[in-house]
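Colleague: I am sharing my_file.cif, which consists of mmCIF, C-alpha atoms:
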data_start
loop_
_atom_site.label_atom_id
_atom_site.label_comp_id
_atom_site.auth_asym_id
_atom_site.auth_seq_id
_atom_site.Cartn_x
_atom_site.Cartn_y
_atom_site.Cartn_z
CA MET R 1 146.95 67.98 74.25
CA PHE R 2 149.96 69.31 76.13
CA ARG R 3 148.04 72.13 77.67
CA SER R 4 146.20 70.03 80.14
CA LEU R 5 149.45 68.85 81.70
CA PHE R 6 150.38 72.33 82.88
CA PRO R 7 148.42 74.98 84.72
CA ARG R 8 147.10 77.49 82.23
CA ASP R 9 149.55 80.14 83.27
CA VAL R 10 152.35 79.03 85.57
CA PHE R 11 153.16 82.58 86.61
CA ALA R 12 149.58 83.43 87.44
CA GLU R 13 149.46 80.32 89.58
CA LEU R 14 152.65 81.31 91.37
CA ASP R 15 151.23 84.79 91.96
CA ARG R 16 148.10 83.29 93.43
CA LEU R 17 150.17 81.04 95.67
CA GLN R 18 152.24 84.01 96.81
CA ARG R 19 149.10 85.99 97.63
CA GLU R 20 147.71 83.13 99.65
CA MET R 21 150.96 82.84 101.56
CA GLN R 22 150.86 86.55 102.29
CA GLN R 23 147.33 86.34 103.56
CA ALA R 24 148.33 83.52 105.83
CA PHE R 25 151.20 85.47 107.36
CA ASP R 26 150.09 89.08 107.24
CA THR R 27 147.44 89.28 109.87
CA THR R 28 146.21 92.77 109.02
CA PRO R 29 146.31 93.47 105.30
CA SER R 30 145.65 97.08 104.31
CA ILE R 31 142.33 98.00 102.71
CA ARG R 32 144.31 99.28 99.73
CA GLY R 33 145.66 95.85 98.99
CA VAL R 34 148.72 93.84 99.65
CA GLY R 35 151.73 96.09 99.44
CA ARG R 36 154.49 93.57 99.37
CA GLY R 37 155.96 92.92 95.96
CA GLY R 38 154.55 96.13 94.49
CA TYR R 39 156.53 98.83 92.78
CA PRO R 40 157.78 100.92 94.42
CA ALA R 41 158.34 99.03 97.67
CA LEU R 42 157.65 101.24 100.67
CA ASN R 43 159.36 101.52 104.02
CA VAL R 44 157.86 103.83 106.59
CA GLY R 45 159.28 105.07 109.85
CA GLY R 46 158.64 107.80 112.33
CA THR R 47 160.28 110.02 114.89
CA PRO R 48 158.47 112.24 117.41
CA ARG R 49 158.98 115.15 114.99
CA SER R 50 158.40 113.62 111.57
CA VAL R 51 157.13 110.76 109.44
CA GLU R 52 159.63 109.32 106.98
CA ILE R 53 158.60 107.44 103.86
CA TYR R 54 161.07 105.65 101.62
CA ALA R 55 159.84 104.51 98.21
CA PHE R 56 162.30 102.15 96.53
CA ALA R 57 161.75 103.32 92.98
CA PRO R 58 164.91 102.82 90.91
CA GLY R 59 165.34 104.11 87.38
CA LEU R 60 162.85 106.97 87.35
CA ASP R 61 163.00 110.41 85.87
CA PRO R 62 162.35 112.46 89.05
CA SER R 63 160.50 115.13 87.07
CA LYS R 64 157.91 112.55 86.05
CA VAL R 65 157.05 111.33 89.53
CA GLU R 66 153.91 112.77 90.99
CA LEU R 67 153.45 113.08 94.69
CA ASN R 68 150.11 114.12 96.14
CA LEU R 69 149.08 114.65 99.71
CA GLU R 70 145.40 115.01 100.25
CA ARG R 71 143.50 114.64 103.49
CA GLY R 72 146.20 112.57 105.09
CA VAL R 73 146.60 110.25 102.13
CA LEU R 74 149.87 110.25 100.22
CA THR R 75 149.78 109.06 96.61
CA ILE R 76 152.87 108.31 94.55
CA THR R 77 152.27 107.89 90.83
CA GLY R 78 154.55 107.71 87.84
CA GLU R 79 155.77 105.65 85.00
CA ARG R 80 158.89 103.63 84.50
CA ALA R 81 160.19 103.13 81.00
CA SER R 82 161.21 99.67 79.92
CA GLY R 83 164.91 99.09 79.24
CA LEU R 84 164.13 96.29 76.86
CA PRO R 85 164.93 96.69 73.18
CA ALA R 86 162.19 97.59 70.73
CA GLY R 87 160.87 94.85 68.52
CA GLU R 88 162.93 95.41 65.43
CA GLU R 89 166.37 95.13 67.09
CA LYS R 90 168.19 91.83 66.88
CA ALA R 91 168.39 91.02 70.55
CA ALA R 92 167.21 88.22 72.78
CA VAL R 93 165.71 88.92 76.18
CA HIS R 94 166.82 86.15 78.55
CA LEU R 95 165.47 87.54 81.80
CA ASN R 96 162.80 90.16 82.29
CA GLU R 97 162.07 90.64 85.96
CA ARG R 98 162.17 94.40 86.39
CA PHE R 99 158.97 96.35 86.61
CA ALA R 100 157.97 98.59 83.70
CA GLY R 101 154.90 100.70 83.16
CA ARG R 102 152.67 102.93 85.23
CA PHE R 103 152.56 102.59 88.99
CA ARG R 104 150.56 104.03 91.83
CA ARG R 105 150.94 103.54 95.53
CA VAL R 106 148.74 105.00 98.21
CA LEU R 107 149.58 105.39 101.85
CA SER R 108 147.51 106.76 104.69
CA LEU R 109 149.43 108.94 107.12
CA PRO R 110 149.01 109.63 110.82
CA ASP R 111 146.61 112.44 111.85
CA ASP R 112 149.21 114.72 113.36
CA ILE R 113 151.22 115.51 110.20
CA ASP R 114 151.64 119.02 108.85
CA PRO R 115 150.72 118.95 105.13
CA ASN R 116 152.67 122.18 104.59
CA ALA R 117 155.97 120.80 105.80
CA VAL R 118 156.79 118.09 103.28
CA THR R 119 160.15 117.54 101.62
CA ALA R 120 160.83 114.97 98.93
CA THR R 121 164.21 113.95 97.54
CA TYR R 122 165.13 111.32 94.97
CA ARG R 123 168.54 109.78 95.47
CA ASP R 124 170.09 106.48 94.39
CA GLY R 125 166.68 105.35 93.19
CA VAL R 126 164.91 105.97 96.49
CA LEU R 127 162.25 108.62 96.88
CA HIS R 128 162.45 109.89 100.44
CA VAL R 129 159.47 111.86 101.67
CA SER R 130 159.78 113.52 105.04
CA ILE R 131 156.67 115.05 106.62
CA LYS R 132 156.87 117.06 109.82
CA ARG R 133 154.40 116.48 112.60
CA ARG R 134 152.43 119.50 113.82
CA GLU R 135 153.99 121.44 116.65
CA ALA R 136 150.94 121.03 118.85
CA ALA R 137 151.11 117.29 118.54
CA GLN R 138 154.73 116.99 119.58
CA PRO R 139 155.47 115.63 123.02
CA ARG R 140 156.27 118.43 125.42
CA ARG R 141 157.39 118.56 128.97
CA ILE R 142 155.20 120.64 131.20
CA GLN R 143 156.88 122.53 133.96
CA VAL R 144 155.44 122.08 137.44
CA HIS R 145 155.75 125.19 139.63
CA MET X 1 179.73 107.40 84.52
CA THR X 2 182.26 105.43 86.51
CA ASN X 3 183.39 101.94 85.87
CA ASP X 4 182.90 100.26 89.15
CA VAL X 5 184.23 96.85 88.37
CA SER X 6 186.61 95.58 91.00
CA VAL X 7 187.91 92.05 90.98
CA LYS X 8 188.37 90.48 94.37
CA THR X 9 189.95 87.26 95.62
CA ASP X 10 188.32 84.28 97.34
CA ALA X 11 189.21 85.47 100.83
CA ALA X 12 186.33 87.91 101.09
CA ARG X 13 183.65 85.54 99.93
CA PRO X 14 182.58 82.87 102.47
CA ALA X 15 181.30 85.41 104.99
CA ALA X 16 179.23 87.21 102.41
CA ARG X 17 177.61 83.99 101.35
CA ALA X 18 176.23 83.16 104.80
CA GLU X 19 174.39 86.48 105.11
CA ALA X 20 170.74 86.86 104.16
CA THR X 21 170.36 89.18 101.19
CA LEU X 22 167.72 90.49 98.85
CA LEU X 23 167.58 89.16 95.33
CA PRO X 24 167.47 92.16 93.01
CA PRO X 25 165.30 91.85 89.90
CA VAL X 26 167.27 91.87 86.65
CA ASP X 27 166.80 92.15 82.91
CA VAL X 28 169.29 90.34 80.69
CA ILE X 29 169.44 91.17 77.01
CA GLU X 30 171.77 89.59 74.50
CA ASP X 31 172.70 91.02 71.14
CA ALA X 32 175.35 90.04 68.61
CA GLN X 33 178.16 91.89 70.42
CA GLY X 34 177.45 90.95 74.00
CA ILE X 35 175.12 90.90 76.96
CA THR X 36 173.54 93.84 78.77
CA LEU X 37 172.34 93.32 82.31
CA PHE X 38 170.17 95.74 84.27
CA ALA X 39 169.73 95.21 88.01
CA ASP X 40 167.52 97.23 90.35
CA LEU X 41 169.54 98.26 93.40
CA PRO X 42 167.51 101.09 94.95
CA GLY X 43 169.19 102.82 97.88
CA VAL X 44 172.70 101.67 97.00
CA PRO X 45 175.19 104.51 96.44
CA ARG X 46 177.94 104.10 93.88
CA ASP X 47 180.66 103.28 96.39
CA LYS X 48 178.60 100.46 97.95
CA VAL X 49 178.27 98.41 94.77
CA THR X 50 180.72 95.54 94.40
CA LEU X 51 181.16 93.35 91.38
CA HIS X 52 183.26 90.22 91.62
CA ILE X 53 184.27 88.33 88.55
CA GLU X 54 186.00 85.08 89.26
CA ASP X 55 186.52 82.42 86.67
CA ASP X 56 183.08 82.30 85.13
CA THR X 57 181.13 83.63 88.09
CA LEU X 58 179.81 87.15 88.22
CA SER X 59 178.45 88.34 91.52
CA ILE X 60 176.70 91.61 92.13
CA GLU X 61 176.48 92.98 95.65
CA GLY X 62 175.12 96.21 96.98
CA GLU X 63 174.58 97.72 100.37
CA VAL X 64 171.67 100.05 101.07
CA ALA X 65 172.53 103.39 102.65
CA LEU X 66 169.52 105.56 103.43
CA PRO X 67 169.47 108.95 105.11
CA THR X 68 167.56 108.21 108.32
CA PRO X 69 166.91 110.81 111.00
CA GLU X 70 168.09 109.99 114.49
CA GLY X 71 165.81 107.86 116.59
CA MET X 72 163.59 106.72 113.73
CA GLN X 73 161.37 103.78 114.53
CA PRO X 74 160.35 101.68 111.53
CA SER X 75 156.62 101.08 111.34
CA HIS X 76 156.24 99.33 107.99
CA ALA X 77 158.97 97.67 105.93
CA GLU X 78 158.66 96.00 102.57
CA VAL X 79 162.41 96.11 102.01
CA GLN X 80 163.56 94.19 105.05
CA LEU X 81 167.24 93.62 104.40
CA PRO X 82 169.91 96.22 103.68
CA LYS X 83 171.85 94.11 101.20
CA TYR X 84 171.42 92.85 97.66
CA ARG X 85 173.26 89.96 96.15
CA ARG X 86 172.94 88.02 92.94
CA VAL X 87 175.28 85.60 91.23
CA PHE X 88 175.44 84.61 87.58
CA GLN X 89 177.39 82.02 85.69
CA LEU X 90 179.06 83.56 82.66
CA SER X 91 179.63 81.51 79.58
CA LYS X 92 182.98 81.06 77.88
CA GLU X 93 182.44 83.31 74.92
CA LEU X 94 181.98 86.35 77.15
CA ASP X 95 184.98 88.55 77.82
CA ALA X 96 185.01 89.05 81.59
CA ASP X 97 187.95 91.45 81.42
CA LYS X 98 185.99 93.99 79.43
CA VAL X 99 182.93 94.36 81.60
CA THR X 100 181.77 97.93 82.04
CA ALA X 101 179.34 99.09 84.70
CA GLU X 102 177.37 102.18 85.46
CA LEU X 103 174.91 103.06 88.18
CA ASN X 104 172.14 105.51 87.57
CA HIS X 105 169.25 106.25 89.95
CA GLY X 106 169.60 102.86 91.60
CA VAL X 107 169.83 100.88 88.37
CA LEU X 108 173.07 99.04 87.66
CA LYS X 109 173.81 98.54 83.99
CA LEU X 110 176.46 96.00 83.06
CA ARG X 111 177.79 95.44 79.62
CA ILE X 112 179.61 92.18 79.03
CA PRO X 113 181.04 92.01 75.52
CA LYS X 114 181.63 88.78 73.69
CA ALA X 115 185.21 87.80 73.05
CA GLU X 116 186.54 88.69 69.61
CA HIS X 117 186.61 85.09 68.43
CA ALA X 118 183.01 84.60 69.49
CA GLN X 119 181.61 87.54 67.54
CA PRO X 120 179.23 86.47 64.84
CA ARG X 121 180.59 85.84 61.45
CA LYS X 122 178.73 85.06 58.35
CA VAL X 123 179.50 81.63 57.03
CA GLU X 124 179.42 81.30 53.29
CA ILE X 125 177.65 78.27 52.02
CA ARG X 126 179.09 77.12 48.80
CA VAL X 127 177.13 74.98 46.51
CA GLY X 128 179.44 72.23 45.34
#
Please rewrite the model in this file as structure tokens.

Modeller:
Amino acid sequence: MFRSLFPRDVFAELDRLQREMQQAFDTTPSIRGVGRGGYPALNVGGTPRSVEIYAFAPGLDPSKVELNLERGVLTITGERASGLPAGEEKAAVHLNERFAGRFRRVLSLPDDIDPNAVTATYRDGVLHVSIKRREAAQPRRIQVH
Amino acid sequence: MTNDVSVKTDAARPAARAEATLLPPVDVIEDAQGITLFADLPGVPRDKVTLHIEDDTLSIEGEVALPTPEGMQPSHAEVQLPKYRRVFQLSKELDADKVTAELNHGVLKLRIPKAEHAQPRKVEIRVG
């Protein structure tokens, strides 16, 4: 009898609301889904010489993160262990907001990148992937004689 | 691991409050001896984490410092602010003087023990 007073799952409803808000504001959502709010969060930037990707992925074992670059598509996969106590311990969980479990994020890269010149470093919980652009694609000043 | 807890006075606070910040996700777990708090602060180096404990208020702040090449133009940003901030109200039985903190791969772990007098004790029930 109490059930009918509340939405079936408050959090699912909030998620739905958030998605609708995102659709209203993000004019061009990616074909691979709405990125915002996912784990890890991604920031991407570029210089004339390179493409820089920052994945905000705190609390990972860097040896267990998999990074694949295939036909201009970068995939980051891995798993994040939960810091919550196992069932038998006498502990109460008051807040549980941090992501735990397997994750996968896919990103399509510009055409001019060099797949052989990729460096990836994991520092302070951020995975920084730097991909050089191909020499031929770099802007160049042409001398006029 | 270092203990990064630094207690600061009121003077530094009003400015910080006006700034827009990110709200880091946290896990809070309580056991018989105290509370453990995990907060995700990706991109924050150890020297950019600040913990204030004042009266019963615990505030966690962190500033993001990323290695960016010169002249980088952002093209997509899901993390749009370079600062994290979150404030918690501590309860009386927690011992704010004994908080320990460690930062590991962007995850801040705080341990707030309960004061001695608040530790659990078994109460005998006598049948009269």

Colleague: For this structure, which residues satisfy the selection - the PyMOL selection byres ((chain R) within 6 of (chain X)) - when it is evaluated on the file as given? I want them as number ranges by chain.

Modeller: R: 36, 41-47, 56, 58-59, 91-98, 124-126

Colleague: Could you jot down the atom CA of His117 of chain X to atom CA of Pro85 of chain R separation for me, Å, one decimal place?

Modeller: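 Rounded to one decimal, the two atoms are 25.0 Å apart.
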
Colleague: So which residues get picked by the PyMOL selection byres ((chain X and resi 111) around 7) here, written as a PDB file with C-alpha atoms, keeping the file's coordinate frame?

Modeller:
ATOM      1  CA  ILE X  35     175.120  90.900  76.960  1.00  0.00           C
ATOM      2  CA  THR X  36     173.540  93.840  78.770  1.00  0.00           C
ATOM      3  CA  LEU X  37     172.340  93.320  82.310  1.00  0.00           C
ATOM      4  CA  VAL X  99     182.930  94.360  81.600  1.00  0.00           C
ATOM      5  CA  THR X 100     181.770  97.930  82.040  1.00  0.00           C
ATOM      6  CA  ALA X 101     179.340  99.090  84.700  1.00  0.00           C
ATOM      7  CA  LYS X 109     173.810  98.540  83.990  1.00  0.00           C
ATOM      8  CA  LEU X 110     176.460  96.000  83.060  1.00  0.00           C
ATOM      9  CA  ILE X 112     179.610  92.180  79.030  1.00  0.00           C
ATOM     10  CA  PRO X 113     181.040  92.010  75.520  1.00  0.00           C
TER      11      PRO X 113
END

Colleague: Check which residues satisfy the PyMOL selection byres ((chain X and resi 95) around 6) in the file shown, then give them as a list in words.

Modeller: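 Applying the PyMOL selection byres ((chain X and resi 95) around 6) to the structure shown produces Leu94, Ala96, Asp97, Lys98, Pro113, Lys114 and Ala115 of chain X.
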
Colleague: Given all atoms listed in the file as the basis, pick out the residue of R:Gln143, R:Ser130, R:Glu70, R:Ala12 nearest to Val118 of chain R.

Modeller: R:Ser130

Colleague: Give me, as a list in words, all polymer residues having an atom no more than 8 Å from segment 58-63 of chain X, counting all atoms listed in the file and skipping those fewer than 5 positions away in the same chain.

Modeller: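 Surrounding residues, per the criterion: Leu41, Gly43, Val44, Pro45, Lys48, Val49, Thr50, Leu51, His52, Ile53, Pro82, Lys83, Tyr84, Arg85, Arg86, Val87, Phe88, Gln89 and Leu90 of chain X.
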
Colleague: Can you work out the spacing between atom CA of Glu13 of chain R and atom CA of Gly38 of chain R in Å, to one decimal?

Modeller: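 These two atoms are separated by 17.3 Å.
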
Colleague: How many Å lie between atom CA of Ala55 of chain R and atom CA of Met21 of chain R, rounded to one decimal?

Modeller: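 A separation of 23.7 Å between them.
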